[in-house]
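Structure first, then comments.
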Amino acid sequence: QGWLKDRNSIYERRRDIILEFLPRAGMRAQVPKGGLYVWAQVPPGVTSKAYANRALEGVGVWVTPGAAFGEHGEGFVRISITVPEERLREAGERLARLG
């Protein structure tokens, strides 16, 4: 089961990359204990759909608006940890430009 430990380590690094760039992008999140996503709180005064559209149109980063998952998802976007670390770092730099 060594492969499982190695895979979990990869996902933990990717999760940490996301958590590191969120404050520069004006967002925050609780550290997830598992799963393939980080649920990040969008900046105050912005809906999840508006933020997701701004991210995609403004800097070419796709995040899923939390409202797509029901009313309790509003105010959050879902960011996947299934992409390579380099791509996550690039997405973080782009999102930081949104302010």
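Simple scheme: letters A, B, ... for chains in structure tokens order, numbers from 1 for residues in each chain, numbers from 1 for ligands in the order shown.
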As a count of residues only, please: the residues near Ile81 of chain A (cut-off 7 Å, only C-alpha atoms, same-chain neighbours under 5 positions excluded). 5
Would you return as a ChimeraX atom specification the members of segment 19-96 of chain A that DSSP assigns to strand (DSSP E or B) on this structure's backbone? /A:28,37-41,64-65,76-80
So that I have them on file, write out the residues from the current selection with all heavy atoms, as a compact mmCIF listing (two decimals), in the first residue's frame.
# COMPACT_ATOMS: atom_id res chain seq x y z
N ARG A 28 -9.96 32.67 1.52
CA ARG A 28 -9.46 31.82 2.61
C ARG A 28 -10.23 30.51 2.59
O ARG A 28 -11.30 30.40 1.98
CB ARG A 28 -9.59 32.51 3.95
CG ARG A 28 -11.01 32.87 4.31
CD ARG A 28 -11.04 33.77 5.54
NE ARG A 28 -12.39 34.25 5.73
CZ ARG A 28 -13.13 34.01 6.80
NH1 ARG A 28 -12.64 33.30 7.79
NH2 ARG A 28 -14.34 34.47 6.90
N TYR A 37 -10.78 18.42 -3.34
CA TYR A 37 -11.10 19.83 -3.57
C TYR A 37 -10.81 20.66 -2.33
O TYR A 37 -10.85 20.17 -1.22
CB TYR A 37 -12.59 20.00 -3.91
CG TYR A 37 -13.04 19.13 -5.04
CD1 TYR A 37 -13.69 17.92 -4.80
CD2 TYR A 37 -12.78 19.49 -6.36
CE1 TYR A 37 -14.09 17.10 -5.85
CE2 TYR A 37 -13.17 18.67 -7.41
CZ TYR A 37 -13.83 17.49 -7.14
OH TYR A 37 -14.21 16.69 -8.19
N VAL A 38 -10.55 21.94 -2.59
CA VAL A 38 -10.50 22.94 -1.53
C VAL A 38 -11.69 23.86 -1.76
O VAL A 38 -11.88 24.35 -2.88
CB VAL A 38 -9.18 23.74 -1.56
CG1 VAL A 38 -9.22 24.90 -0.58
CG2 VAL A 38 -7.99 22.83 -1.27
N TRP A 39 -12.48 24.07 -0.74
CA TRP A 39 -13.60 25.01 -0.81
C TRP A 39 -13.12 26.34 -0.26
O TRP A 39 -12.86 26.46 0.93
CB TRP A 39 -14.78 24.48 -0.01
CG TRP A 39 -15.48 23.36 -0.70
CD1 TRP A 39 -15.14 22.04 -0.69
CD2 TRP A 39 -16.63 23.47 -1.54
NE1 TRP A 39 -16.01 21.32 -1.47
CE2 TRP A 39 -16.94 22.18 -2.00
CE3 TRP A 39 -17.43 24.55 -1.94
CZ2 TRP A 39 -18.02 21.93 -2.84
CZ3 TRP A 39 -18.50 24.29 -2.78
CH2 TRP A 39 -18.78 22.99 -3.22
N ALA A 40 -12.98 27.31 -1.16
CA ALA A 40 -12.44 28.62 -0.77
C ALA A 40 -13.55 29.65 -0.70
O ALA A 40 -14.40 29.73 -1.59
CB ALA A 40 -11.39 29.06 -1.79
N GLN A 41 -13.52 30.44 0.35
CA GLN A 41 -14.50 31.51 0.51
C GLN A 41 -14.11 32.67 -0.40
O GLN A 41 -12.96 33.13 -0.39
CB GLN A 41 -14.54 31.97 1.97
CG GLN A 41 -15.67 32.89 2.27
CD GLN A 41 -15.82 33.11 3.77
OE1 GLN A 41 -14.94 32.74 4.55
NE2 GLN A 41 -16.91 33.71 4.16
N THR A 64 -15.09 26.25 -9.77
CA THR A 64 -16.51 25.94 -9.80
C THR A 64 -17.23 26.75 -8.74
O THR A 64 -16.85 26.70 -7.56
CB THR A 64 -16.73 24.45 -9.55
OG1 THR A 64 -15.95 23.69 -10.47
CG2 THR A 64 -18.19 24.08 -9.71
N PRO A 65 -18.26 27.52 -9.14
CA PRO A 65 -19.00 28.28 -8.14
C PRO A 65 -19.74 27.36 -7.17
O PRO A 65 -20.38 26.38 -7.60
CB PRO A 65 -19.98 29.12 -8.97
CG PRO A 65 -20.06 28.47 -10.30
CD PRO A 65 -18.79 27.70 -10.48
N PHE A 76 -18.66 30.42 -1.83
CA PHE A 76 -17.45 29.60 -1.97
C PHE A 76 -17.24 29.21 -3.42
O PHE A 76 -18.18 29.16 -4.20
CB PHE A 76 -17.58 28.31 -1.13
CG PHE A 76 -17.68 28.55 0.34
CD1 PHE A 76 -18.91 28.80 0.92
CD2 PHE A 76 -16.55 28.55 1.13
CE1 PHE A 76 -19.02 29.03 2.28
CE2 PHE A 76 -16.64 28.79 2.48
CZ PHE A 76 -17.87 29.02 3.07
N VAL A 77 -16.00 28.89 -3.75
CA VAL A 77 -15.69 28.24 -5.02
C VAL A 77 -14.94 26.97 -4.69
O VAL A 77 -14.28 26.86 -3.65
CB VAL A 77 -14.85 29.13 -5.97
CG1 VAL A 77 -15.67 30.31 -6.47
CG2 VAL A 77 -13.56 29.60 -5.34
N ARG A 78 -15.06 26.00 -5.58
CA ARG A 78 -14.40 24.71 -5.39
C ARG A 78 -13.19 24.66 -6.31
O ARG A 78 -13.30 24.88 -7.51
CB ARG A 78 -15.37 23.58 -5.70
CG ARG A 78 -14.86 22.22 -5.32
CD ARG A 78 -15.90 21.18 -5.58
NE ARG A 78 -15.88 20.83 -7.00
CZ ARG A 78 -16.45 19.76 -7.52
NH1 ARG A 78 -17.12 18.93 -6.74
NH2 ARG A 78 -16.38 19.51 -8.80
N ILE A 79 -12.03 24.38 -5.74
CA ILE A 79 -10.77 24.31 -6.49
C ILE A 79 -10.25 22.88 -6.40
O ILE A 79 -10.08 22.33 -5.31
CB ILE A 79 -9.74 25.30 -5.92
CG1 ILE A 79 -10.29 26.73 -5.94
CG2 ILE A 79 -8.43 25.21 -6.70
CD1 ILE A 79 -9.44 27.74 -5.21
N SER A 80 -9.97 22.29 -7.54
CA SER A 80 -9.54 20.90 -7.61
C SER A 80 -8.04 20.77 -7.34
O SER A 80 -7.24 21.59 -7.80
CB SER A 80 -9.85 20.33 -8.99
OG SER A 80 -9.34 19.03 -9.11
Nearest-residue call for Asn8 of chain A, choices A:Gly34, A:Gly70, A:Val46, A:Val59, using only C-alpha atoms: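 Ranking A:Gly34, A:Gly70, A:Val46, A:Val59 by distance to Asn8 of chain A, first place goes to A:Gly34.
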Gap from atom CA of Ala29 of chain A to atom CA of Asp6 of chain A - Å, one decimal: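 Between these atoms lies a distance of 24.3 Å.
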Residues flagged helix (DSSP H, G or I) by DSSP in chain A, as JSON, numbers by chain: {"A": [2, 3, 4, 5, 6, 7, 8, 9, 10, 11, 12, 13, 14, 15, 16, 17, 18, 19, 20, 21, 23, 24, 25, 48, 49, 50, 51, 52, 53, 54, 55, 56, 57, 58, 59, 66, 67, 68, 69, 71, 72, 73, 85, 86, 87, 88, 89, 90, 91, 92, 93, 94, 95, 96, 97, 98]}
Pick from A:Arg89, A:Ala25, A:Ile18, A:Lys33: nearest to Ala55 of chain A, with only C-alpha atoms counted? A:Ala25
